[in-house]
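Shown here: model_21.cif, mmCIF, C-alpha atoms.
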data_data
#
loop_
_atom_site.label_atom_id
_atom_site.label_comp_id
_atom_site.auth_asym_id
_atom_site.auth_seq_id
_atom_site.Cartn_x
_atom_site.Cartn_y
_atom_site.Cartn_z
CA MET G 1 -68.30 1.76 -53.23
CA THR G 2 -66.74 2.08 -49.80
CA GLU G 3 -68.49 -0.81 -48.07
CA HIS G 4 -66.88 -4.15 -48.52
CA ASP G 5 -68.48 -6.58 -46.19
CA HIS G 6 -70.48 -8.74 -48.54
CA THR G 7 -70.63 -12.33 -47.38
CA ASP G 8 -68.97 -13.71 -50.54
CA CYS G 9 -66.10 -11.23 -50.30
CA ARG G 10 -65.53 -12.16 -46.65
CA ASP G 11 -65.63 -15.87 -47.44
CA LEU G 12 -62.96 -15.48 -50.10
CA LEU G 13 -60.64 -13.33 -47.99
CA GLY G 14 -59.22 -16.32 -46.10
CA SER G 15 -58.10 -18.00 -49.34
CA LEU G 16 -56.40 -15.01 -50.94
CA SER G 17 -52.82 -15.76 -49.83
CA ASP G 18 -53.03 -19.30 -51.18
CA TYR G 19 -54.69 -17.96 -54.32
CA VAL G 20 -51.95 -15.44 -55.13
CA ASP G 21 -49.26 -18.01 -54.24
CA GLY G 22 -50.83 -20.46 -56.68
CA SER G 23 -51.36 -23.07 -53.99
CA LEU G 24 -55.15 -23.12 -53.92
CA GLY G 25 -57.23 -26.00 -55.28
CA ASP G 26 -58.84 -25.65 -58.73
CA GLN G 27 -62.39 -25.49 -57.39
CA LEU G 28 -61.68 -22.57 -55.03
CA CYS G 29 -59.69 -20.78 -57.73
CA LEU G 30 -62.71 -20.98 -60.03
CA GLU G 31 -64.97 -19.61 -57.29
CA ILE G 32 -62.63 -16.69 -56.66
CA GLU G 33 -62.32 -15.93 -60.36
CA ARG G 34 -66.08 -16.13 -60.87
CA HIS G 35 -66.61 -13.78 -57.94
CA MET G 36 -63.94 -11.34 -59.15
CA SER G 37 -65.58 -11.07 -62.54
CA GLU G 38 -68.63 -9.65 -60.76
CA CYS G 39 -67.02 -7.76 -57.90
CA GLN G 40 -64.72 -4.91 -58.83
CA ASN G 41 -63.52 -4.33 -55.26
CA CYS G 42 -62.38 -7.91 -54.85
CA ARG G 43 -60.59 -7.78 -58.17
CA ILE G 44 -58.75 -4.66 -57.00
CA VAL G 45 -57.92 -6.28 -53.66
CA VAL G 46 -56.46 -9.33 -55.39
CA ASP G 47 -54.52 -7.27 -57.97
CA THR G 48 -53.08 -4.89 -55.38
CA LEU G 49 -52.32 -7.75 -52.98
CA ARG G 50 -50.37 -9.48 -55.72
CA LYS G 51 -48.60 -6.22 -56.56
CA THR G 52 -47.80 -5.58 -52.88
CA ILE G 53 -46.05 -8.95 -52.61
CA SER G 54 -44.25 -8.49 -55.91
CA LEU G 55 -42.95 -5.04 -54.89
CA TYR G 56 -41.52 -6.50 -51.70
CA HIS G 57 -39.90 -9.31 -53.70
CA GLN G 58 -38.34 -6.71 -55.97
CA THR G 59 -36.88 -4.75 -53.04
CA ALA G 60 -35.48 -7.86 -51.36
CA ALA G 61 -32.12 -7.78 -53.17
CA PRO G 62 -29.40 -9.13 -50.89
CA ALA G 63 -27.75 -6.29 -49.02
CA ASP G 64 -24.05 -6.56 -48.28
CA VAL G 65 -23.04 -6.42 -44.67
CA PRO G 66 -21.17 -3.10 -44.24
CA ALA G 67 -17.40 -3.61 -43.91
CA GLY G 68 -17.29 -2.30 -40.33
CA VAL G 69 -20.14 -4.58 -39.27
CA ARG G 70 -18.41 -7.60 -40.79
CA GLU G 71 -15.11 -6.66 -39.14
CA ARG G 72 -16.72 -6.39 -35.68
CA LEU G 73 -18.61 -9.66 -36.26
CA PHE G 74 -15.37 -11.47 -37.08
CA ARG G 75 -13.67 -9.97 -34.01
CA THR G 76 -16.58 -11.02 -31.77
CA LEU G 77 -16.39 -14.57 -33.11
CA ASN G 78 -12.58 -14.67 -32.95
CA LEU G 79 -12.48 -15.58 -36.61
CA GLU G 80 -9.61 -14.85 -38.94
CA ASP G 81 -10.45 -13.11 -42.15
CA TYR G 82 -9.79 -15.77 -44.75
CA PRO G 83 -9.40 -14.22 -48.18
CA GLY G 84 -11.79 -15.12 -50.96
CA MET Z 1 -6.76 -20.76 -51.37
CA THR Z 2 -7.82 -23.59 -53.64
CA GLU Z 3 -11.19 -24.31 -52.04
CA THR Z 4 -14.14 -22.78 -53.80
CA THR Z 5 -16.37 -20.58 -51.68
CA ASN Z 6 -19.44 -21.95 -53.44
CA ALA Z 7 -19.05 -25.52 -52.17
CA PRO Z 8 -21.90 -26.49 -49.80
CA ILE Z 9 -21.16 -25.94 -46.13
CA SER Z 10 -20.12 -29.22 -44.52
CA LEU Z 11 -21.98 -29.97 -41.30
CA GLU Z 12 -19.36 -32.59 -40.52
CA ALA Z 13 -16.61 -29.99 -40.66
CA LEU Z 14 -18.65 -27.60 -38.50
CA HIS Z 15 -19.19 -30.36 -35.94
CA ALA Z 16 -15.45 -31.04 -35.94
CA GLY Z 17 -14.87 -27.39 -35.01
CA ASP Z 18 -13.38 -26.38 -38.36
CA ARG Z 19 -12.98 -22.59 -38.05
CA HIS Z 20 -12.51 -22.10 -41.75
CA GLU Z 21 -15.85 -23.81 -42.44
CA PHE Z 22 -17.54 -21.69 -39.79
CA THR Z 23 -16.09 -18.60 -41.47
CA ARG Z 24 -17.65 -19.73 -44.73
CA LEU Z 25 -20.96 -20.18 -42.94
CA VAL Z 26 -20.74 -16.64 -41.55
CA ASP Z 27 -19.80 -15.14 -44.88
CA SER Z 28 -22.49 -16.96 -46.86
CA HIS Z 29 -25.34 -16.32 -44.42
CA SER Z 30 -24.56 -13.01 -42.71
CA PRO Z 31 -26.03 -10.79 -45.47
CA ALA Z 32 -29.44 -12.49 -45.17
CA ILE Z 33 -29.38 -12.49 -41.36
CA TYR Z 34 -28.33 -8.84 -41.29
CA ARG Z 35 -31.09 -7.87 -43.72
CA LEU Z 36 -33.71 -9.75 -41.70
CA ALA Z 37 -32.56 -8.03 -38.50
CA LEU Z 38 -32.47 -4.62 -40.15
CA LYS Z 39 -35.98 -4.95 -41.55
CA MET Z 40 -37.30 -6.42 -38.32
CA LEU Z 41 -35.76 -3.81 -35.98
CA GLY Z 42 -35.34 -0.79 -38.23
CA ASN Z 43 -31.98 0.38 -36.91
CA PRO Z 44 -28.40 -0.65 -37.77
CA GLN Z 45 -27.11 -0.90 -34.20
CA ASP Z 46 -29.83 -3.34 -33.13
CA ALA Z 47 -29.39 -5.27 -36.36
CA GLU Z 48 -25.67 -5.60 -35.67
CA ASP Z 49 -26.37 -6.88 -32.13
CA VAL Z 50 -28.74 -9.50 -33.52
CA LEU Z 51 -26.22 -10.49 -36.19
CA GLN Z 52 -23.45 -10.97 -33.62
CA ASN Z 53 -25.65 -12.84 -31.14
CA THR Z 54 -26.99 -15.10 -33.88
CA PHE Z 55 -23.54 -16.32 -34.90
CA LEU Z 56 -22.28 -16.47 -31.31
CA LYS Z 57 -25.21 -18.78 -30.49
CA ALA Z 58 -24.64 -20.73 -33.69
CA LEU Z 59 -21.00 -21.25 -32.71
CA GLN Z 60 -22.03 -22.40 -29.22
CA HIS Z 61 -24.77 -24.75 -30.35
CA ILE Z 62 -23.59 -26.10 -33.70
CA GLY Z 63 -22.65 -29.35 -31.97
CA GLY Z 64 -26.29 -29.97 -31.11
CA PHE Z 65 -27.61 -29.16 -34.58
CA GLU Z 66 -28.59 -32.43 -36.20
CA GLY Z 67 -29.59 -31.14 -39.60
CA ARG Z 68 -33.32 -31.75 -39.28
CA SER Z 69 -33.86 -28.38 -40.95
CA SER Z 70 -31.41 -26.67 -43.31
CA LEU Z 71 -28.56 -24.66 -41.79
CA SER Z 72 -30.10 -21.53 -43.17
CA THR Z 73 -33.50 -22.21 -41.55
CA TRP Z 74 -31.67 -22.96 -38.28
CA LEU Z 75 -29.83 -19.62 -38.45
CA TYR Z 76 -33.06 -17.77 -39.26
CA ARG Z 77 -34.60 -19.45 -36.22
CA ILE Z 78 -31.83 -18.18 -33.93
CA ALA Z 79 -31.96 -14.72 -35.50
CA ALA Z 80 -35.75 -14.48 -35.20
CA ASN Z 81 -35.54 -15.37 -31.51
CA GLU Z 82 -32.76 -12.87 -30.92
CA ALA Z 83 -34.69 -10.10 -32.70
CA LEU Z 84 -37.91 -10.82 -30.80
CA MET Z 85 -36.05 -10.92 -27.48
CA LEU Z 86 -34.36 -7.62 -28.20
CA MET Z 87 -37.69 -5.99 -29.09
CA ARG Z 88 -39.28 -7.29 -25.91
CA ARG Z 89 -36.40 -6.02 -23.80
CA GLN Z 90 -36.67 -2.59 -25.38
CA ARG Z 91 -40.45 -2.40 -25.20
CA PRO Z 92 -41.61 -4.82 -22.53
CA GLU Z 93 -45.19 -3.60 -22.87
CA VAL Z 94 -45.38 -5.06 -26.36
CA SER Z 95 -45.55 -8.64 -25.14
CA ILE Z 96 -48.26 -7.77 -22.61
CA SER Z 97 -50.59 -5.62 -24.69
CA ASP Z 98 -49.71 -6.94 -28.12
CA THR Z 99 -52.27 -5.59 -30.56
CA VAL Z 100 -52.19 -8.66 -32.81
CA PRO Z 101 -55.54 -10.33 -33.06
CA ASP Z 102 -55.61 -14.02 -32.20
CA ASP Z 103 -55.19 -16.30 -35.16
CA GLU Z 104 -58.82 -17.37 -34.69
CA GLU Z 105 -60.24 -13.84 -34.89
CA PRO Z 106 -61.94 -12.85 -38.17
CA LEU Z 107 -59.74 -11.18 -40.77
CA GLU Z 108 -59.99 -7.41 -41.06
CA ALA Z 109 -62.02 -6.59 -44.17
CA PRO Z 110 -60.21 -4.52 -46.80
CA ALA Z 111 -61.12 -0.83 -46.73
CA GLN Z 112 -58.90 0.65 -49.46
CA PHE Z 113 -59.93 0.09 -53.06
CA ALA Z 114 -57.61 2.35 -55.05
CA ASP Z 115 -56.41 0.46 -58.11
CA TRP Z 116 -52.79 1.59 -58.08
CA CYS Z 117 -51.34 -1.35 -60.02
CA CYS Z 118 -51.19 0.83 -63.14
CA LEU Z 119 -48.74 3.32 -61.61
CA PRO Z 120 -45.44 3.27 -63.53
CA GLU Z 121 -42.60 1.20 -62.09
CA GLU Z 122 -40.41 4.26 -61.41
CA GLU Z 123 -43.16 5.63 -59.19
CA LEU Z 124 -43.87 2.31 -57.46
CA LEU Z 125 -40.18 1.84 -56.67
CA SER Z 126 -38.96 5.43 -56.24
CA ASP Z 127 -36.62 6.06 -53.29
CA GLU Z 128 -39.53 7.59 -51.40
CA ALA Z 129 -41.74 4.58 -52.16
CA ARG Z 130 -39.02 2.14 -51.08
CA ALA Z 131 -38.64 3.97 -47.77
CA HIS Z 132 -42.40 3.73 -47.42
CA LEU Z 133 -42.34 -0.02 -48.11
CA ASP Z 134 -39.79 -0.52 -45.31
CA GLN Z 135 -41.73 1.73 -42.97
CA ALA Z 136 -44.94 -0.18 -43.67
CA ILE Z 137 -43.27 -3.42 -42.52
CA ARG Z 138 -42.43 -1.77 -39.22
CA HIS Z 139 -46.09 -0.90 -38.72
CA LEU Z 140 -46.89 -4.60 -38.56
CA PRO Z 141 -47.15 -6.16 -35.11
CA GLU Z 142 -43.98 -8.17 -34.50
CA LYS Z 143 -45.70 -11.58 -34.72
CA LEU Z 144 -46.95 -10.76 -38.21
CA ARG Z 145 -43.78 -8.93 -39.23
CA ILE Z 146 -41.44 -11.85 -38.63
CA VAL Z 147 -43.65 -14.23 -40.63
CA PHE Z 148 -43.87 -11.79 -43.54
CA LEU Z 149 -40.10 -11.15 -43.56
CA LEU Z 150 -39.18 -14.82 -43.52
CA ARG Z 151 -41.71 -15.83 -46.16
CA ASP Z 152 -41.92 -12.87 -48.53
CA ILE Z 153 -38.55 -11.15 -48.12
CA GLU Z 154 -36.23 -14.05 -47.30
CA GLY Z 155 -38.20 -16.45 -49.49
CA LEU Z 156 -38.61 -19.33 -47.03
CA SER Z 157 -41.37 -21.82 -47.75
CA ILE Z 158 -44.38 -22.09 -45.45
CA GLN Z 159 -42.83 -25.25 -43.99
CA GLU Z 160 -39.42 -23.60 -43.41
CA THR Z 161 -41.08 -20.56 -41.83
CA SER Z 162 -43.01 -22.82 -39.50
CA GLN Z 163 -39.77 -24.62 -38.53
CA ALA Z 164 -37.94 -21.33 -37.97
CA LEU Z 165 -40.67 -19.92 -35.76
CA ASP Z 166 -41.86 -23.13 -34.11
CA LEU Z 167 -45.39 -22.43 -35.33
CA SER Z 168 -47.88 -24.67 -37.08
CA GLU Z 169 -48.15 -24.22 -40.84
CA THR Z 170 -51.75 -23.09 -40.34
CA ALA Z 171 -50.63 -20.33 -37.96
CA VAL Z 172 -47.92 -19.26 -40.43
CA LYS Z 173 -50.47 -19.05 -43.25
CA THR Z 174 -52.95 -17.08 -41.14
CA ARG Z 175 -50.32 -14.60 -39.99
CA LEU Z 176 -48.89 -14.28 -43.48
CA LEU Z 177 -52.31 -13.43 -44.87
CA ARG Z 178 -52.95 -10.88 -42.11
CA ALA Z 179 -49.55 -9.30 -42.71
CA ARG Z 180 -50.05 -9.12 -46.47
CA LEU Z 181 -53.54 -7.66 -46.14
CA ARG Z 182 -52.34 -5.03 -43.68
CA LEU Z 183 -49.45 -4.06 -45.94
CA ARG Z 184 -51.83 -3.86 -48.89
CA GLU Z 185 -53.97 -1.41 -46.92
CA ILE Z 186 -50.96 0.76 -45.99
CA LEU Z 187 -49.58 0.73 -49.53
CA SER Z 188 -53.02 1.43 -51.00
CA THR Z 189 -53.30 4.56 -48.89
CA TYR Z 190 -49.87 5.70 -50.03
CA TYR Z 191 -50.11 4.80 -53.71
CA GLY Z 192 -53.74 5.90 -53.82
CA LYS Z 193 -52.53 9.42 -53.00
CA ARG Z 194 -49.88 9.19 -55.72
CA LEU Z 195 -52.64 8.12 -58.12
CA LYS Z 196 -54.69 11.22 -57.25
CA VAL Z 197 -51.70 13.51 -57.66
CA ARG Z 198 -51.04 12.04 -61.10
CA SER Z 199 -54.64 12.40 -62.24
CA LEU Z 200 -54.64 16.06 -61.10
CA GLU Z 201 -51.38 16.64 -62.97
CA ASN Z 202 -52.85 15.07 -66.09
CA ASP Z 203 -56.09 17.08 -65.98
#
Encoding of this model in structure tokens:
Amino acid sequence: MTEHDHTDCRDLLGSLSDYVDGSLGDQLCLEIERHMSECQNCRIVVDTLRKTISLYHQTAAPADVPAGVRERLFRTLNLEDYPG
Amino acid sequence: MTETTNAPISLEALHAGDRHEFTRLVDSHSPAIYRLALKMLGNPQDAEDVLQNTFLKALQHIGGFEGRSSLSTWLYRIAANEALMLMRRQRPEVSISDTVPDDEEPLEAPAQFADWCCLPEEELLSDEARAHLDQAIRHLPEKLRIVFLLRDIEGLSIQETSQALDLSETAVKTRLLRARLRLREILSTYYGKRLKVRSLEND
């Protein structure tokens, strides 16, 4: 199963972002789910797409600005370093 | 210091030139702006330049900011412009022969069908895998990369992303989908290999 250019699969591709974000209408959701129950490749694409997004969400923890970077930023902006 | 740092930033105070309020704005928003710049550009020096230019521009133009979007979307907008300008200066050929397909062109059909969702979390988020996730973002053409970063890393809504990038919501959605599908392909290649290694180890 290396080919993946079935017409149905292609038609659904454009709706996948909305589908995984939960912002797709009920009717289209049903169509996607019906198709996925018959098409293993599409099911894998949807599952791994969802996982891709979730992994990026998990790695998006706020990073502190390194002390030196903050210090130079404050100097550039002529800001005093107010405590707290 | 009696004022709490969690109080909302006052646009009125910023307009009145209150330096303390501007400092609070810098402190509350610089981590997100720095992260965006770092993920967009991939190196700390460039990210620092974008961070500084973003707040310099914010300081210059705060008087003209009327609050039609949130302050944070406004800052992302400045930062995105600064990052894109820096990239174009460094690689002027990018803007001429940009490899991004037009938004109207058909989507690229998926080609990788490894089902790697079942890999254990420690493998999916190992240090090596995290480096790969960051690297994959940098493989995206810049027009797709900035949409993905704002929406899926910074957590802006479709509407906020469209305000920050001055794009229609339809264009944001199309580029977001292209970016996500491309990243899925890159990650599937990587995790697909990990999957094979594991199955060989378990044989």
* **Nearby residues (only C-alpha atoms) at most 10 Å from Leu176 of chain Z, same-chain spacing under 6 positions excluded, as a VMD selection string** => (chain G and resid 17) or (chain Z and resid 143 to 152 158 170 182)
* To do: Report as number ranges by chain the set of chain G residues whose atoms approach chain Z to within 10 Å, with distances computed over only C-alpha atoms.
  => G: 1-6, 9-10, 13-18, 40-66, 69-70, 72-84
* Asked: So how far away is atom CA of Ser69 of chain Z from atom CA of Glu160 of chain Z, in Å?
  -> 7.7 Å
* Using atom CA of Val20 of chain G and atom CA of Ser162 of chain Z as the two end points, give the distance in Å to one decimal. =>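 Separation between atom CA of Val20 of chain G and atom CA of Ser162 of chain Z: 19.5 Å.
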Go ahead and fit an axis-aligned box to every listed atom of segment 48-51 of chain Z plus 8 Å each side, and pass me the centre and edge lengths in Å, one decimal, as JSON.
{"center_x": -27.2, "center_y": -8.0, "center_z": -34.2, "size_x": 19.1, "size_y": 20.9, "size_z": 20.1}
* What is the atom CA of Ala129 of chain Z to atom CA of Tyr191 of chain Z distance in Å? ->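 Computed distance, atom CA of Ala129 of chain Z to atom CA of Tyr191 of chain Z, equals 8.5 Å.
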* Tell me which protein, DNA and RNA residues are within 9 Å of Leu165 of chain Z, counting all atoms listed in the file, leaving out same-chain ones fewer than 6 positions away, and put them as an MDAnalysis selection string. => chainID Z and resid 76:77 80:81 146:147 172
* To do: Between Z:His61, Z:His15, Z:Lys39, Z:His29, single out the one closest to Thr73 of chain Z, counting only C-alpha atoms.
  =>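 With only C-alpha atoms as the atom set, the closest residue is Z:His29.
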